[in-house]
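Reproduced below: final.csv, with CSV, C-alpha atoms.
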```csv
chain,number,residue,atom,x,y,z
A,1,MET,CA,87.4,90.1,121.5
A,2,ILE,CA,88.0,93.3,119.5
A,3,PRO,CA,84.7,95.2,119.0
A,4,ARG,CA,83.9,96.5,115.5
A,5,ALA,CA,85.1,100.0,114.7
A,6,GLU,CA,82.5,102.6,115.5
A,7,PRO,CA,81.8,105.0,112.7
A,8,PHE,CA,80.5,108.5,113.4
A,9,PHE,CA,80.6,112.1,112.3
A,10,LEU,CA,82.5,114.5,114.5
A,11,ASP,CA,81.3,118.2,114.5
A,12,ALA,CA,84.2,120.4,113.4
A,13,GLY,CA,84.3,123.8,111.6
A,14,PRO,CA,83.3,123.8,108.8
A,15,GLY,CA,81.0,120.8,108.7
A,16,GLN,CA,81.7,117.3,110.0
A,17,ARG,CA,84.5,114.8,109.9
A,18,PHE,CA,84.0,111.2,109.3
A,19,CYS,CA,85.7,109.2,112.0
A,20,LEU,CA,86.2,105.5,112.9
A,21,PHE,CA,86.8,104.7,116.5
A,22,GLN,CA,88.4,101.5,117.4
A,23,ALA,CA,87.8,101.0,121.1
A,24,PRO,CA,90.6,99.2,123.1
A,25,ALA,CA,89.9,95.7,124.2
A,26,GLY,CA,90.0,95.3,128.0
A,27,ALA,CA,91.8,97.9,130.1
A,28,CYS,CA,92.8,101.0,128.1
A,29,ARG,CA,96.6,101.6,128.1
A,30,GLY,CA,96.8,104.3,125.6
A,31,ALA,CA,95.2,106.1,122.6
A,32,LEU,CA,96.3,107.3,119.2
A,33,VAL,CA,94.8,109.6,116.6
A,34,TYR,CA,95.6,108.3,113.1
A,35,VAL,CA,96.7,111.0,110.6
A,36,HIS,CA,96.3,109.8,107.0
A,37,PRO,CA,98.5,110.7,104.1
A,38,PHE,CA,97.6,112.9,101.1
A,39,GLY,CA,96.0,112.1,97.8
A,40,ASP,CA,96.1,108.5,96.4
A,41,GLU,CA,98.4,107.5,99.3
A,42,MET,CA,95.5,107.9,101.6
A,43,ASN,CA,93.3,105.4,99.7
A,44,LYS,CA,96.1,102.9,99.2
A,45,ALA,CA,96.9,103.0,103.0
A,46,ARG,CA,93.3,102.5,104.3
A,47,ARG,CA,93.6,98.8,104.6
A,48,MET,CA,96.9,99.0,106.6
A,49,ALA,CA,95.5,101.7,108.8
A,50,ALA,CA,92.4,99.6,109.6
A,51,LEU,CA,94.4,96.4,110.2
A,52,THR,CA,96.9,98.2,112.5
A,53,ALA,CA,94.1,100.0,114.4
A,54,ARG,CA,92.5,96.6,115.1
A,55,ALA,CA,95.8,95.1,116.2
A,56,LEU,CA,96.5,98.1,118.5
A,57,ALA,CA,93.0,97.9,120.0
A,58,ALA,CA,93.6,94.2,120.8
A,59,ARG,CA,96.6,95.4,122.9
A,60,GLY,CA,94.5,97.9,124.7
A,61,ILE,CA,95.3,101.0,122.6
A,62,GLY,CA,92.3,102.8,121.3
A,63,VAL,CA,92.6,104.5,117.8
A,64,LEU,CA,90.6,107.3,116.3
A,65,GLN,CA,90.9,107.5,112.5
A,66,VAL,CA,89.7,110.8,111.1
A,67,ASP,CA,89.1,111.8,107.5
A,68,LEU,CA,90.5,115.4,107.4
A,69,TYR,CA,88.5,118.2,105.8
A,70,GLY,CA,88.0,117.7,102.1
A,71,CYS,CA,89.2,114.1,102.3
A,72,GLY,CA,87.4,110.8,102.3
A,73,ASP,CA,83.9,110.9,103.7
A,74,SER,CA,84.3,114.2,105.5
A,75,SER,CA,82.7,117.6,104.6
A,76,GLY,CA,84.3,119.8,102.0
A,77,ASP,CA,86.0,119.5,98.6
A,78,PHE,CA,89.7,118.9,98.5
A,79,ALA,CA,90.1,122.3,96.8
A,80,ASP,CA,88.8,123.9,100.0
A,81,ALA,CA,91.2,122.0,102.3
A,82,ARG,CA,93.7,124.1,104.3
A,83,TRP,CA,96.5,123.1,106.6
A,84,GLU,CA,95.1,125.2,109.4
A,85,ILE,CA,91.7,123.4,109.1
A,86,TRP,CA,93.5,120.0,109.2
A,87,LEU,CA,95.4,121.1,112.4
A,88,ALA,CA,92.0,122.1,113.9
A,89,ASP,CA,90.6,118.7,112.8
A,90,LEU,CA,93.3,117.0,114.7
A,91,GLU,CA,92.6,119.0,117.9
A,92,ALA,CA,88.9,118.1,117.6
A,93,ALA,CA,89.9,114.4,117.2
A,94,ARG,CA,92.4,114.6,120.0
A,95,ALA,CA,89.9,116.2,122.4
A,96,TRP,CA,87.2,113.6,121.5
A,97,LEU,CA,89.5,110.7,122.1
A,98,ALA,CA,90.9,112.1,125.4
A,99,ALA,CA,87.3,112.6,126.7
A,100,ARG,CA,86.2,109.2,125.5
A,101,LEU,CA,89.1,107.1,127.0
A,102,GLY,CA,90.4,109.4,129.8
A,103,VAL,CA,94.0,109.2,128.6
A,104,ALA,CA,96.2,111.6,126.7
A,105,PRO,CA,96.2,110.5,123.1
A,106,GLY,CA,99.3,110.2,121.0
A,107,LEU,CA,99.5,110.6,117.2
A,108,TRP,CA,100.2,108.2,114.4
A,109,GLY,CA,101.0,109.7,111.0
A,110,LEU,CA,101.8,108.2,107.6
A,111,ARG,CA,103.8,110.1,105.0
A,112,LEU,CA,102.4,113.7,104.8
A,113,GLY,CA,100.3,112.7,107.8
A,114,GLY,CA,103.5,112.3,109.7
A,115,LEU,CA,104.6,115.8,109.0
A,116,LEU,CA,101.1,117.1,109.9
A,117,ALA,CA,101.3,115.1,113.2
A,118,LEU,CA,104.7,116.7,114.0
A,119,ASP,CA,103.4,120.2,113.2
A,120,PHE,CA,100.3,119.6,115.3
A,121,ALA,CA,102.3,118.2,118.2
A,122,GLN,CA,104.6,121.2,118.3
A,123,ARG,CA,101.6,123.5,118.6
A,124,CYS,CA,99.5,121.3,120.9
A,125,PRO,CA,99.3,122.6,124.5
A,126,HIS,CA,98.4,119.2,125.8
A,127,PRO,CA,101.1,116.5,126.5
A,128,VAL,CA,101.6,114.1,123.6
A,129,PRO,CA,102.9,110.8,125.1
A,130,ASP,CA,103.8,109.1,121.8
A,131,ILE,CA,104.2,109.9,118.1
A,132,VAL,CA,104.3,107.1,115.7
A,133,LEU,CA,105.7,108.0,112.3
A,134,TRP,CA,105.4,105.7,109.3
A,135,GLN,CA,107.9,106.8,106.7
A,136,PRO,CA,107.1,110.5,107.3
A,137,VAL,CA,107.6,113.1,104.6
A,138,GLN,CA,110.7,115.1,105.8
A,139,GLN,CA,110.6,118.1,103.5
A,140,GLY,CA,107.3,119.7,102.5
A,141,SER,CA,108.9,121.5,99.5
A,142,ALA,CA,110.4,118.2,98.1
A,143,TYR,CA,107.0,116.5,98.6
A,144,LEU,CA,105.1,119.3,96.8
A,145,LYS,CA,107.6,119.3,93.9
A,146,GLN,CA,107.2,115.5,93.5
A,147,PHE,CA,103.4,115.9,93.4
A,148,LEU,CA,103.6,118.6,90.8
A,149,ARG,CA,106.1,116.6,88.8
A,150,LEU,CA,103.2,114.3,87.9
A,151,LEU,CA,102.0,117.1,85.6
A,152,SER,CA,105.4,117.8,83.9
A,153,VAL,CA,107.1,114.4,83.5
A,154,ASN,CA,106.1,113.7,80.0
A,155,GLU,CA,107.4,117.0,78.8
A,156,MET,CA,110.6,116.5,80.7
A,157,LEU,CA,111.3,113.2,79.0
A,158,ALA,CA,110.4,114.5,75.6
A,159,GLN,CA,112.9,117.3,75.7
A,160,PRO,CA,116.0,117.0,73.7
A,161,GLU,CA,119.2,117.4,75.7
A,162,ASN,CA,120.8,120.9,76.0
A,163,GLU,CA,117.5,122.5,75.4
A,164,GLN,CA,116.5,123.6,78.8
A,165,SER,CA,112.9,123.8,79.4
A,166,LYS,CA,111.1,127.1,79.6
A,167,ALA,CA,107.8,125.4,79.2
A,168,ALA,CA,104.9,126.5,81.4
A,169,SER,CA,104.4,122.9,82.6
A,170,ASN,CA,107.9,122.8,84.1
A,171,THR,CA,107.6,121.7,87.8
A,172,GLY,CA,109.4,124.9,88.9
A,173,ALA,CA,107.0,127.0,86.9
A,174,LEU,CA,104.0,125.1,88.2
A,175,ARG,CA,105.2,125.6,91.8
A,176,ALA,CA,105.7,129.3,91.1
A,177,ALA,CA,102.1,129.5,89.7
A,178,LEU,CA,100.7,127.6,92.6
A,179,LEU,CA,102.5,129.8,95.2
A,180,GLY,CA,101.5,132.8,93.2
A,181,GLY,CA,97.9,132.1,93.8
A,182,GLN,CA,96.8,129.7,91.1
A,183,ALA,CA,95.0,126.5,92.0
A,184,LEU,CA,96.3,123.4,90.1
A,185,GLU,CA,94.6,120.1,89.3
A,186,VAL,CA,97.1,117.3,89.8
A,187,ALA,CA,96.1,113.7,89.4
A,188,GLY,CA,92.4,114.5,90.1
A,189,TYR,CA,93.1,116.7,93.1
A,190,GLU,CA,92.6,120.4,93.0
A,191,LEU,CA,95.3,121.8,95.1
A,192,ALA,CA,94.6,125.3,96.6
A,193,PRO,CA,97.5,127.8,96.7
A,194,GLU,CA,97.2,128.2,100.4
A,195,LEU,CA,97.5,124.5,101.1
A,196,GLY,CA,100.4,124.2,98.6
A,197,ALA,CA,102.2,127.1,100.3
A,198,ALA,CA,101.7,125.6,103.8
A,199,ILE,CA,103.1,122.2,102.7
A,200,ASP,CA,106.0,123.9,100.8
A,201,ALA,CA,107.1,125.7,104.0
A,202,LEU,CA,107.3,122.5,106.2
A,203,ASP,CA,110.7,121.4,107.3
A,204,GLY,CA,111.2,118.3,109.4
A,205,ALA,CA,114.3,119.7,110.9
A,206,LYS,CA,112.3,122.5,112.4
A,207,LEU,CA,109.6,120.1,113.7
A,208,ALA,CA,111.7,118.2,116.2
A,209,PRO,CA,109.0,116.3,118.1
A,210,ARG,CA,108.2,117.3,121.6
A,211,ALA,CA,106.4,114.0,122.4
A,212,ALA,CA,107.6,111.8,125.2
A,213,ARG,CA,108.6,109.1,122.8
A,214,VAL,CA,108.8,109.0,119.0
A,215,HIS,CA,108.6,105.7,117.1
A,216,TRP,CA,109.8,106.1,113.5
A,217,PHE,CA,109.4,103.3,111.1
A,218,GLU,CA,110.9,103.2,107.6
A,219,MET,CA,110.2,100.5,105.0
A,220,ALA,CA,113.0,98.7,103.2
A,221,THR,CA,112.7,96.0,100.6
A,222,ALA,CA,115.5,93.8,102.1
A,223,PRO,CA,117.0,93.4,105.5
A,224,ASP,CA,120.5,94.5,104.5
A,225,ARG,CA,119.3,98.0,103.2
A,226,PRO,CA,120.9,100.9,105.0
A,227,LEU,CA,118.7,103.7,106.2
A,228,PRO,CA,118.5,106.5,103.7
A,229,PRO,CA,121.1,109.2,104.5
A,230,ALA,CA,118.4,111.9,104.7
A,231,THR,CA,116.7,109.9,107.4
A,232,THR,CA,119.9,109.3,109.3
A,233,ARG,CA,120.6,113.0,109.2
A,234,LEU,CA,117.2,114.1,110.5
A,235,ALA,CA,117.2,111.4,113.2
A,236,ALA,CA,120.6,112.6,114.4
A,237,ALA,CA,119.4,116.2,114.5
A,238,TRP,CA,116.3,115.3,116.5
A,239,ARG,CA,118.3,113.2,118.9
A,240,GLU,CA,120.8,116.1,119.4
A,241,GLY,CA,117.8,118.2,120.4
A,242,GLY,CA,116.9,115.7,123.1
A,243,CYS,CA,114.2,113.7,121.3
A,244,ASP,CA,113.6,110.2,122.6
A,245,LEU,CA,113.6,108.6,119.1
A,246,ARG,CA,113.3,104.9,118.4
A,247,LEU,CA,114.0,104.4,114.7
A,248,GLN,CA,113.3,101.0,113.1
A,249,GLN,CA,113.6,99.7,109.6
A,250,ILE,CA,110.9,97.2,108.6
A,251,VAL,CA,111.3,94.8,105.6
A,252,GLY,CA,108.3,95.2,103.3
A,253,GLN,CA,106.8,97.1,100.4
A,254,GLN,CA,105.8,100.7,100.5
A,255,PHE,CA,102.1,99.8,100.7
A,256,TRP,CA,100.9,103.3,100.2
A,257,ALA,CA,102.5,103.4,96.7
A,258,THR,CA,102.0,99.9,95.3
A,259,GLN,CA,99.8,99.3,92.3
A,260,GLU,CA,97.6,96.9,94.1
A,261,ILE,CA,96.5,97.3,97.8
A,262,SER,CA,99.2,95.6,99.9
A,263,GLU,CA,99.9,95.3,103.5
A,264,SER,CA,102.8,94.7,105.9
A,265,ALA,CA,102.0,92.5,108.9
A,266,GLU,CA,105.6,93.2,110.1
A,267,LEU,CA,105.0,96.9,110.3
A,268,ALA,CA,101.6,96.5,112.2
A,269,GLU,CA,103.3,94.1,114.6
A,270,ALA,CA,106.3,96.3,115.2
A,271,THR,CA,104.0,99.3,115.8
A,272,CYS,CA,102.0,97.4,118.4
A,273,ALA,CA,105.1,96.1,120.1
A,274,ALA,CA,106.6,99.6,120.3
A,275,LEU,CA,103.5,101.1,121.9
A,276,GLU,CA,102.9,98.2,124.2
A,277,ALA,CA,106.5,98.5,125.5
A,278,ALA,CA,106.0,102.3,125.8
A,279,ALA,CA,102.8,102.1,127.8
A,280,PRO,CA,102.9,99.3,130.3
A,281,ILE,CA,99.4,98.5,131.6
A,282,GLU,CA,100.3,99.3,135.3
A,283,GLU,CA,100.8,103.0,134.5
A,284,THR,CA,97.4,103.6,133.2
A,285,ALA,CA,95.3,101.0,135.1
B,1,MET,CA,130.4,104.7,93.4
B,2,TYR,CA,126.6,104.9,93.6
B,3,LEU,CA,125.8,102.2,91.1
B,4,ASP,CA,124.5,99.7,93.7
B,5,ASP,CA,122.4,102.4,95.4
B,6,VAL,CA,120.8,103.4,92.2
B,7,LYS,CA,120.2,99.8,91.1
B,8,ARG,CA,118.6,99.1,94.4
B,9,ILE,CA,116.3,102.1,94.3
B,10,LEU,CA,115.4,101.3,90.7
B,11,ALA,CA,114.6,97.7,91.7
B,12,ASP,CA,112.5,98.9,94.7
B,13,VAL,CA,110.5,101.5,92.8
B,14,LEU,CA,109.7,99.2,89.9
B,15,SER,CA,109.3,96.0,92.1
B,16,LEU,CA,111.8,94.3,89.8
B,17,GLY,CA,112.9,91.7,92.4
B,18,ASP,CA,115.7,89.4,91.4
B,19,ALA,CA,115.5,90.6,87.8
B,20,ALA,CA,117.5,93.7,89.0
B,21,ASN,CA,120.5,91.6,89.9
B,22,SER,CA,121.5,91.2,86.2
B,23,LEU,CA,121.4,94.9,85.5
B,24,THR,CA,124.8,96.5,84.6
B,25,GLU,CA,125.9,100.1,83.8
B,26,GLN,CA,125.1,99.3,80.1
B,27,SER,CA,121.6,98.1,80.8
B,28,PRO,CA,119.1,100.2,78.8
B,29,LEU,CA,116.3,101.7,81.0
B,30,LEU,CA,113.8,104.0,79.4
B,31,GLY,CA,112.0,102.2,76.6
B,32,SER,CA,113.5,98.9,77.6
B,33,ILE,CA,112.1,98.2,81.0
B,34,PRO,CA,108.4,98.0,80.6
B,35,GLU,CA,107.7,99.0,84.2
B,36,LEU,CA,109.5,102.3,83.7
B,37,ASP,CA,106.5,104.4,82.6
B,38,SER,CA,106.2,108.2,83.3
B,39,MET,CA,104.5,107.6,86.6
B,40,ALA,CA,107.4,105.3,87.6
B,41,VAL,CA,109.9,107.9,86.5
B,42,VAL,CA,108.3,110.4,88.9
B,43,ASN,CA,108.4,107.9,91.7
B,44,LEU,CA,112.0,107.1,90.8
B,45,ILE,CA,113.1,110.7,90.8
B,46,GLY,CA,111.3,111.2,94.2
B,47,ALA,CA,113.0,108.1,95.6
B,48,LEU,CA,116.4,109.3,94.5
B,49,GLU,CA,115.7,112.7,96.1
B,50,GLU,CA,114.5,111.2,99.3
B,51,HIS,CA,117.3,108.7,99.6
B,52,PHE,CA,120.2,111.1,98.8
B,53,GLY,CA,118.5,114.2,100.2
B,54,PHE,CA,119.1,116.4,97.1
B,55,ALA,CA,116.6,118.2,94.9
B,56,ILE,CA,116.3,117.6,91.2
B,57,ASP,CA,115.0,120.3,88.8
B,58,ASP,CA,113.1,119.4,85.7
B,59,ASP,CA,115.7,121.1,83.5
B,60,GLU,CA,118.4,118.9,84.9
B,61,ILE,CA,116.7,115.9,83.5
B,62,SER,CA,116.0,114.6,80.0
B,63,ALA,CA,115.3,111.2,78.4
B,64,SER,CA,119.0,110.7,78.1
B,65,THR,CA,119.4,110.7,81.9
B,66,PHE,CA,117.3,107.5,82.0
B,67,GLU,CA,118.9,105.9,78.9
B,68,THR,CA,121.0,103.4,80.9
B,69,LEU,CA,121.7,102.5,84.5
B,70,GLY,CA,125.1,104.0,84.0
B,71,SER,CA,123.8,107.4,82.7
B,72,LEU,CA,121.4,107.5,85.7
B,73,THR,CA,124.2,106.7,88.1
B,74,ALA,CA,126.4,109.4,86.5
B,75,PHE,CA,123.6,111.9,87.1
B,76,VAL,CA,123.5,110.9,90.8
B,77,GLU,CA,127.3,111.1,91.1
B,78,GLN,CA,127.2,114.6,89.6
B,79,LYS,CA,124.5,115.7,92.0
B,80,MET,CA,126.4,114.3,95.0
B,81,ALA,CA,129.7,115.8,93.9
```

Starting from the file, give its structure as structure tokens.
Amino acid sequence: MIPRAEPFFLDAGPGQRFCLFQAPAGACRGALVYVHPFGDEMNKARRMAALTARALAARGIGVLQVDLYGCGDSSGDFADARWEIWLADLEAARAWLAARLGVAPGLWGLRLGGLLALDFAQRCPHPVPDIVLWQPVQQGSAYLKQFLRLLSVNEMLAQPENEQSKAASNTGALRAALLGGQALEVAGYELAPELGAAIDALDGAKLAPRAARVHWFEMATAPDRPLPPATTRLAAAWREGGCDLRLQQIVGQQFWATQEISESAELAEATCAALEAAAPIEETA
Amino acid sequence: MYLDDVKRILADVLSLGDAANSLTEQSPLLGSIPELDSMAVVNLIGALEEHFGFAIDDDEISASTFETLGSLTAFVEQKMA
């Protein structure tokens, strides 16, 4: 039987972080800290995160889901969120989970959470046995630009051809304003310049994971879809650097971006299978 | 050269399903496909960037880029050239 997830507040500076702990059923064979994505993607992905955490717990892998500073039910406003605070939040979550279960926790990140997990793993002095990446953001600058584009798209489409935009709401101008120190409100989220600059500087190629094993999952809408070239390139670079990377394509919808809340049982199952294979029970018993 | 890729990405982003199979180079997009609202345009641009690994500037894009599947494909071809 899988126990109910245990909600609690974890002390972290500043304030507290809302956490959900899913204890492993039976003997513990591993642990993961879940790193949520950014903005609306976080909300859309809650169901999949919870379902997968339960499924992992049933296989003996405990999961700690933490709402980062300024997100969800944790302390702080989003405008006050900073990348460094999020990294510290992950260390607090990692330490709590390690103490609770007595094993070295891995990381499981979705979209921007994947990039955050990679950045954290590179700085983390403790061994990270596994990193699970669900369609990780690969370039912070491209991600930021896409986010800011929500503000400029209407103007972009209204422009007559050959009349290049010099408008203040151009994505490039918005980015320059943000990096120059001006907070921007995008789709209901007030993005601080410091957080924008930190995201802008992240490059997946420089964050080659140092974990023992990396399980990277990408969604595709049909079984015959090739992997995106950008993914193939980054995976090749990581492998060249000695990374033990297991890259899998899963057929299903991008549940973090669909209009309605959706899920992918295949992704949850593949994630459980990958970790179960990575952490045989004999090793941790 | 990239027509099928672009058609596929368009179908994925807009959840068009089998309806996408009938799209040709001449198929009108913006203003003709109801799912292609401004939010979907942002997602589509992002999906193209992520798939092909290039960056698109606002001033490279106008409504005419999204006029037909052919015009969008021509844009991708020019970016990949």

Exercise. Quick one: residues within 12 Å of B:Ala81, only C-alpha atoms counted, chain neighbours fewer than 6 positions away excluded, as a list in words?
Worked result: Met1, Tyr2, Phe52, Phe54, Ala74 and Phe75 of chain B

Exercise. Counting all atoms listed in the file, which residues from chain B have an atom at most 7 Å from any atom of chain A, and could you show them as a ChimeraX atom specification?
Worked result: /B:12,38-39,42,46,50-53,55,58-59,61-63

Problem set entry | Point (91.6, 112.8, 100.7), cut-off 10 Å, counting all atoms listed in the file, residues as a VMD selection string | chain A and resid 36 to 43 67 to 74 77 to 78 81 189

Hey, can you spit out that residue selection with C-alpha atoms as an mmCIF file, keeping the file's coordinate frame?
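Okay, part-v3.cif is ready:
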```cif
data_model
loop_
_atom_site.group_PDB
_atom_site.id
_atom_site.type_symbol
_atom_site.label_atom_id
_atom_site.label_comp_id
_atom_site.auth_asym_id
_atom_site.auth_seq_id
_atom_site.Cartn_x
_atom_site.Cartn_y
_atom_site.Cartn_z
ATOM 1 C CA HIS A 36 96.300 109.800 107.000
ATOM 2 C CA PRO A 37 98.500 110.700 104.100
ATOM 3 C CA PHE A 38 97.600 112.900 101.100
ATOM 4 C CA GLY A 39 96.000 112.100 97.800
ATOM 5 C CA ASP A 40 96.100 108.500 96.400
ATOM 6 C CA GLU A 41 98.400 107.500 99.300
ATOM 7 C CA MET A 42 95.500 107.900 101.600
ATOM 8 C CA ASN A 43 93.300 105.400 99.700
ATOM 9 C CA ASP A 67 89.100 111.800 107.500
ATOM 10 C CA LEU A 68 90.500 115.400 107.400
ATOM 11 C CA TYR A 69 88.500 118.200 105.800
ATOM 12 C CA GLY A 70 88.000 117.700 102.100
ATOM 13 C CA CYS A 71 89.200 114.100 102.300
ATOM 14 C CA GLY A 72 87.400 110.800 102.300
ATOM 15 C CA ASP A 73 83.900 110.900 103.700
ATOM 16 C CA SER A 74 84.300 114.200 105.500
ATOM 17 C CA ASP A 77 86.000 119.500 98.600
ATOM 18 C CA PHE A 78 89.700 118.900 98.500
ATOM 19 C CA ALA A 81 91.200 122.000 102.300
ATOM 20 C CA TYR A 189 93.100 116.700 93.100
#
```

For this session: Name all residues at most 12 Å from stretch 24-30 of chain B (count only C-alpha atoms; drop same-chain ones fewer than 4 positions away) and give them as a PyMOL selection string.
Result: (chain A and resi 157-158) or (chain B and resi 1-4+6-8+10-11+14+19-20+34-38+40-41+44+62-74)

Exercise. If you count only C-alpha atoms, which residues fall within 8 Å of A:Arg213, apart from same-chain ones fewer than 5 positions away, as a list in words?
Worked result: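 Near A:Arg213, the qualifying residues are Pro129, Asp130, Ile131, Cys243, Asp244, Leu245, Arg246 and Ala278 of chain A.
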
For this session: Point out the residue among A:Gln65, A:Ser264, A:Gln16, A:Gln249 with the least atom-to-atom distance to A:Tyr34, counting only C-alpha atoms.
Result: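 Among the listed residues, A:Gln65 lies closest to A:Tyr34.
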
Seminar exercise, completed: Counting all atoms listed in the file, closest pick from A:Val132, A:Ala5, A:Ala53, A:Leu202 relative to A:His215 is A:Val132

Exercise. How far is it from atom CA of A:Phe217 to atom CA of A:Leu247, in Å with one decimal?
Worked result: 5.9 Å

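Checking A:Gly180, A:Pro105, A:Pro127, A:Gly113 one by one against A:Ile199, counting only C-alpha atoms, you find the shortest gap at A:Gly113.
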
Problem set entry | Gap from atom CA of A:Leu32 to atom CA of B:Ala47 - Å, one decimal | 28.9 Å

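Among the candidates A:Ala55, A:Asp80, A:Val33, A:Pro7, the residue lying nearest to A:Val128 is A:Val33 (atoms considered: all atoms listed in the file).
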